[in-house]
Amino acid sequence: MSGAIGKCSKEFLKQCIKFMGEGGGLDTALANCKVISGGAGSCTLSMVLDKEHMNRGHTLHGGFSAHLVDTVTTLALMTNEGGLPGVSVDLNMSYLKAAKLGEEIFIDARTLKKGRTLAFLECEIKNAQGDLIVKGSHTKFIGS
């Protein structure tokens, strides 16, 4: 995406990540994320995996990758018109390949459908070679 809308969305996503990271907890690990692109229901981030992202087997921790899917799909949702984050109803993960310490990963999330009360999102985490590491789907309640 290019132009003013793309810049605006990219800056919005950077501010969201900064704000979440300042809140403490697991979100502080998002400080390593770089915004690649975003807008109109999508968000793509990259990060280099560090020790705090690893499990005992020295590969990407499944819980941390679930956190990435949860967070980045929420960011994608927030780039839609009306941009509220909603509340998780369902989060589904498929783990296809390991990622190792020092490896760069790309987290690509998109809004599949945003209805009146529910939003359906999906996310893929890939390595620099384009291998699919994790595939996630996320349903959020966004109605009142």
# chains A, B, ... in the order shown; residues from 1 in each chain; ligands from 1
>>> residues_around(residues="Leu45 (chain A)", least_positions_apart="5", cutoff="7 Å", atoms="only C-alpha atoms", output="ChimeraX atom specification")
/A:33-36,106-108
>>> write_last_selection(atoms="all heavy atoms", output="PDB file, in the first residue's frame")
ATOM      1  N   CYS A  33       9.358  -5.621  17.255  1.00  0.00           N
ATOM      2  CA  CYS A  33       8.624  -5.681  15.979  1.00  0.00           C
ATOM      3  C   CYS A  33       8.826  -4.424  15.150  1.00  0.00           C
ATOM      4  O   CYS A  33       8.854  -3.317  15.675  1.00  0.00           O
ATOM      5  CB  CYS A  33       7.133  -5.865  16.237  1.00  0.00           C
ATOM      6  SG  CYS A  33       6.694  -7.487  16.856  1.00  0.00           S
ATOM      7  N   LYS A  34       8.938  -4.625  13.839  1.00  0.00           N
ATOM      8  CA  LYS A  34       8.993  -3.527  12.882  1.00  0.00           C
ATOM      9  C   LYS A  34       7.746  -3.608  12.011  1.00  0.00           C
ATOM     10  O   LYS A  34       7.364  -4.681  11.564  1.00  0.00           O
ATOM     11  CB  LYS A  34      10.234  -3.642  12.001  1.00  0.00           C
ATOM     12  CG  LYS A  34      11.521  -3.440  12.737  1.00  0.00           C
ATOM     13  CD  LYS A  34      12.698  -3.562  11.796  1.00  0.00           C
ATOM     14  CE  LYS A  34      13.983  -3.483  12.610  1.00  0.00           C
ATOM     15  NZ  LYS A  34      15.151  -3.809  11.811  1.00  0.00           N
ATOM     16  N   VAL A  35       7.135  -2.455  11.783  1.00  0.00           N
ATOM     17  CA  VAL A  35       5.959  -2.410  10.921  1.00  0.00           C
ATOM     18  C   VAL A  35       6.429  -2.411   9.466  1.00  0.00           C
ATOM     19  O   VAL A  35       7.172  -1.530   9.051  1.00  0.00           O
ATOM     20  CB  VAL A  35       5.094  -1.163  11.203  1.00  0.00           C
ATOM     21  CG1 VAL A  35       3.913  -1.103  10.248  1.00  0.00           C
ATOM     22  CG2 VAL A  35       4.619  -1.148  12.655  1.00  0.00           C
ATOM     23  N   ILE A  36       5.988  -3.415   8.724  1.00  0.00           N
ATOM     24  CA  ILE A  36       6.310  -3.506   7.299  1.00  0.00           C
ATOM     25  C   ILE A  36       5.237  -2.797   6.479  1.00  0.00           C
ATOM     26  O   ILE A  36       5.534  -1.990   5.606  1.00  0.00           O
ATOM     27  CB  ILE A  36       6.420  -4.984   6.845  1.00  0.00           C
ATOM     28  CG1 ILE A  36       7.455  -5.745   7.682  1.00  0.00           C
ATOM     29  CG2 ILE A  36       6.718  -5.089   5.353  1.00  0.00           C
ATOM     30  CD1 ILE A  36       8.869  -5.244   7.556  1.00  0.00           C
ATOM     31  N   PHE A 106       8.135 -13.012   9.799  1.00  0.00           N
ATOM     32  CA  PHE A 106       7.191 -12.032   9.277  1.00  0.00           C
ATOM     33  C   PHE A 106       5.803 -12.469   9.699  1.00  0.00           C
ATOM     34  O   PHE A 106       5.414 -13.621   9.482  1.00  0.00           O
ATOM     35  CB  PHE A 106       7.304 -11.946   7.756  1.00  0.00           C
ATOM     36  CG  PHE A 106       8.658 -11.470   7.321  1.00  0.00           C
ATOM     37  CD1 PHE A 106       9.715 -12.357   7.169  1.00  0.00           C
ATOM     38  CD2 PHE A 106       8.892 -10.117   7.111  1.00  0.00           C
ATOM     39  CE1 PHE A 106      10.975 -11.921   6.803  1.00  0.00           C
ATOM     40  CE2 PHE A 106      10.153  -9.669   6.746  1.00  0.00           C
ATOM     41  CZ  PHE A 106      11.199 -10.570   6.589  1.00  0.00           C
ATOM     42  N   ILE A 107       5.063 -11.558  10.318  1.00  0.00           N
ATOM     43  CA  ILE A 107       3.726 -11.844  10.826  1.00  0.00           C
ATOM     44  C   ILE A 107       2.751 -11.044   9.971  1.00  0.00           C
ATOM     45  O   ILE A 107       2.745  -9.812   9.994  1.00  0.00           O
ATOM     46  CB  ILE A 107       3.594 -11.440  12.321  1.00  0.00           C
ATOM     47  CG1 ILE A 107       4.737 -12.037  13.143  1.00  0.00           C
ATOM     48  CG2 ILE A 107       2.252 -11.884  12.881  1.00  0.00           C
ATOM     49  CD1 ILE A 107       5.816 -11.069  13.501  1.00  0.00           C
ATOM     50  N   ASP A 108       1.936 -11.759   9.194  1.00  0.00           N
ATOM     51  CA  ASP A 108       1.028 -11.134   8.244  1.00  0.00           C
ATOM     52  C   ASP A 108      -0.406 -11.458   8.638  1.00  0.00           C
ATOM     53  O   ASP A 108      -0.805 -12.627   8.626  1.00  0.00           O
ATOM     54  CB  ASP A 108       1.328 -11.649   6.835  1.00  0.00           C
ATOM     55  CG  ASP A 108       0.474 -11.001   5.773  1.00  0.00           C
ATOM     56  OD1 ASP A 108       0.141  -9.798   5.920  1.00  0.00           O
ATOM     57  OD2 ASP A 108       0.120 -11.684   4.795  1.00  0.00           O
TER      58      ASP A 108
END
>>> closest_residue(among="A:Thr71, A:Gln15, A:Gln129, A:Thr139", to="Asp27 (chain A)", atoms="only C-alpha atoms")
A:Thr71
>>> residues_around(residues="Met47 (chain A)", least_positions_apart="4", cutoff="6 Å", atoms="only C-alpha atoms", output="PyMOL selection string")
chain A and resi 32-33+104-105
>>> residues_around(residues="Gly83 (chain A)", least_positions_apart="6", cutoff="10 Å", atoms="only C-alpha atoms", output="JSON, numbers by chain")
{"A": [41, 74, 75, 76, 77, 142]}
>>> closest_residue(among="A:Glu11, A:Glu22, A:Asp50, A:Glu124", to="Leu96 (chain A)", atoms="only C-alpha atoms")
A:Glu124
>>> closest_residue(among="A:Leu13, A:Leu68, A:Ile133, A:Leu118", to="Gly39 (chain A)", atoms="only C-alpha atoms")
A:Leu13
>>> select_by_dssp(residues="region 14-115 of chain A", states="strand (DSSP E or B)", output="VMD selection string")
chain A and resid 34 to 39 42 to 48 54 59 to 60 87 to 95 100 104 to 114
